[in-house]
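A.B. asks: Below are the structure tokens for one structure; questions will follow.
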Amino acid sequence: MGNTIRALVAFVPAERCQNYVVGDLREMPLDRTVDLSGCQLRRFPLLVGSFRGLVKLYLSDNHLSSLPPELGQLQNLQVLALDFNHFKALPQVVCTLKQLCILYLGNNKLCDLPRELSLLQNLRTLWVEANYLTQLPDVVCELSLLRTLHAGSNALRLLPAQLRRLRELRTIWLSGNLLTDFPPVLLHMPFLEVIDVDWNSIRYFPSLAHLSSLKLVIYDHNPCRNAPKVAKGVRRVGRWAEETPEPDPRKARRYALAQEDSQDAQAPTLLHFRPPTPEELHV
């Protein structure tokens with residue numbers, strides 16, 4: 001019953017009704033964190049905009065499609081979660097929060113990201129999984145301190161060559177896209193530690209043995225005819241991951257053909273759970 005009442009009240013713009021939605025929140029919590037996830041919000045509570053010292057703000061799993069200018073008052077914000085909402089475009093005010101380190105935008109309806117995102121030069125972690133991206137926006141390649149990029153469950157067919165500029169990038173998650181070839185740009189990023197291309201349509205994997213920092217490569221659920229070669233100590237997750245030398249070509253071909261027949265009937269599984277990142281736990 002409580003959630004039903006909240007859902008109804010969220011439609012009403014009156015400040016008294018919005019106060020009911022955010023509960024007993026009257027002043028900034030001592031831990032400088034506000035979590036309004038799953039509160040059926042359709043508008044940003046303006047009261048939160050007055051918490052100038054706020055560091056973490058979670059607005060996940062609501063009905064938000066826009067944000068007011070008042071959000072820009074939170075210039076100390078380091079973590080902002082907007083995932084599982086109804087954003088078709090990233091509100092420009094988000095790009096004014098220059099202390100942001102972690103930005104969650106997954107499970108929205110984003111087709112692109114604004115050029116102004118490049119202003120967030122402190123961003124370390126970006127989640128854009130489960131949106132409507134058909135290409136990785138070029139502006140992502142301008143986030144020079146980015147260490148973790150989650151771009152799975154979109155409709156990406158390739159990655160921009162400029163991605164190699166991100167010399168701080170350590171993990172890239174690309175599962176559930178439309179890749180038919182292993183992205184060539186990743187072969188020129190020896191600083192990568194984790195590569196995930198699970199649930200794509202990659203038929204052949206080049207050698208990754210030269211990627212000196214690589215620790216884990218996930219390539220399962222691809223119609224590939226070989227496993228990627230990796231350096232000693234690197235973990236592989238996928239078909240033939242434990243086989244050395246590489247599998248017999250005839251066996252690989254039979255497996256690839258079987259995969260092609262079955263993949264049309266299978267859809268990638270979207271993960272609706274977002275665990276906290278190591279960066280977030282130490283903010």
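Simple scheme: letters A, B, ... for chains in structure tokens order, numbers from 1 for residues in each chain, numbers from 1 for ligands in the order shown.
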Name the residues in contact with A:Leu105 at a cut-off of 8 Å, using only C-alpha atoms, excluding same-chain residues fewer than 5 positions from it; report them as a VMD selection string.
C.D. replies: chain A and resid 81 to 84 126 to 129
A.B. asks: Would you output that residue set with C-alpha atoms, as a short mmCIF file (atom, residue, chain, number, x, y, z; two decimals), in the first residue's frame?
C.D. replies:
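So again-v3.cif came out as:
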```cif
data_model
loop_
_atom_site.label_atom_id
_atom_site.label_comp_id
_atom_site.auth_asym_id
_atom_site.auth_seq_id
_atom_site.Cartn_x
_atom_site.Cartn_y
_atom_site.Cartn_z
CA ALA A 81 23.14 7.42 -9.86
CA LEU A 82 20.46 8.05 -12.49
CA ASP A 83 20.09 4.48 -13.73
CA PHE A 84 16.70 2.82 -14.26
CA LEU A 126 30.86 5.59 -16.38
CA TRP A 127 27.89 3.23 -16.71
CA VAL A 128 25.84 3.55 -19.91
CA GLU A 129 24.71 -0.07 -20.21
#
```
A.B. asks: If DSSP is run on the backbone, what residues of stretch 93-279 of chain A are strand (DSSP E or B)? A reply as a PyMOL selection string would be ideal.
C.D. replies: chain A and resi 102-104+125-127+148-150+171-173+194-196+216-218+235-237
A.B. asks: Using Å and a single decimal, report how far atom CA of A:Leu59 sits from atom CA of A:Leu36.
C.D. replies: 5.2 Å
A.B. asks: Can you pull out every residue within 7 Å of A:Asn222, counting only C-alpha atoms, but drop anything in the same chain fewer than 3 positions away, and send it as a list in words?
C.D. replies: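 That gives Asp198, Trp199, Asn200, Ser201, Ile202, Arg203 and Tyr219 of chain A.
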A.B. asks: How many Å lie between atom CA of A:Ile195 and atom CA of A:Arg170, rounded to one decimal?
C.D. replies: 8.6 Å
A.B. asks: For a test of reading the model, state the distance in Å between atom CA of A:Gln162 and atom CA of A:Thr96, rounded to one decimal.
C.D. replies: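 Those two atoms sit 24.0 Å apart.
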A.B. asks: Just want the 10 Å neighbourhood of A:Glu27, counted on only C-alpha atoms, with same-chain residues fewer than 6 positions away dropped. Output as a count of residues only.
C.D. replies: 4
A.B. asks: Looking at A:Gln40, A:Thr125, A:Gln92, A:Ser175, which one is nearest to A:Thr148, with distances taken over only C-alpha atoms?
C.D. replies: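 Counting only C-alpha atoms, the residue closest to A:Thr148 is A:Thr125.
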A.B. asks: Could you find all residues in stretch 92-261 of chain A that DSSP calls alpha helix (DSSP H) from the backbone, and write them as a count of residues only?
C.D. replies: 13
A.B. asks: Might you pull out every residue within 6 Å of A:Glu168, with only C-alpha atoms counted and same-chain residues fewer than 3 positions away left off, and present them as a list in words?
C.D. replies: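 That gives Leu145, Leu146 and Arg147 of chain A.
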A.B. asks: Selection from above, N, CA and C atoms, as a PDB file, in the first residue's frame, can you write it?
C.D. replies:
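Saved as again.pdb:
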```
ATOM      1  N   LEU A 145      40.595  10.599 -17.393  1.00  0.00           N
ATOM      2  CA  LEU A 145      40.870   9.838 -16.177  1.00  0.00           C
ATOM      3  C   LEU A 145      39.984   8.604 -16.035  1.00  0.00           C
ATOM      4  N   LEU A 146      39.186   8.321 -17.056  1.00  0.00           N
ATOM      5  CA  LEU A 146      38.251   7.199 -16.978  1.00  0.00           C
ATOM      6  C   LEU A 146      39.000   5.884 -16.792  1.00  0.00           C
ATOM      7  N   ARG A 147      38.557   5.099 -15.798  1.00  0.00           N
ATOM      8  CA  ARG A 147      39.175   3.803 -15.517  1.00  0.00           C
ATOM      9  C   ARG A 147      38.246   2.631 -15.820  1.00  0.00           C
TER      10      ARG A 147
END
```
A.B. asks: From the set A:Lys88, A:Leu211, A:Leu187, A:Val194, which residue has the shortest atom-to-atom contact distance to A:Arg235, counting only C-alpha atoms?
C.D. replies: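 Looking at the shortest contact to A:Arg235, the residue is A:Val194.
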A.B. asks: Would you please work out which residue, of A:Ile218, A:Leu156, A:Val79, A:Leu67, is nearest to A:Leu179 when using only C-alpha atoms?
C.D. replies: A:Leu156
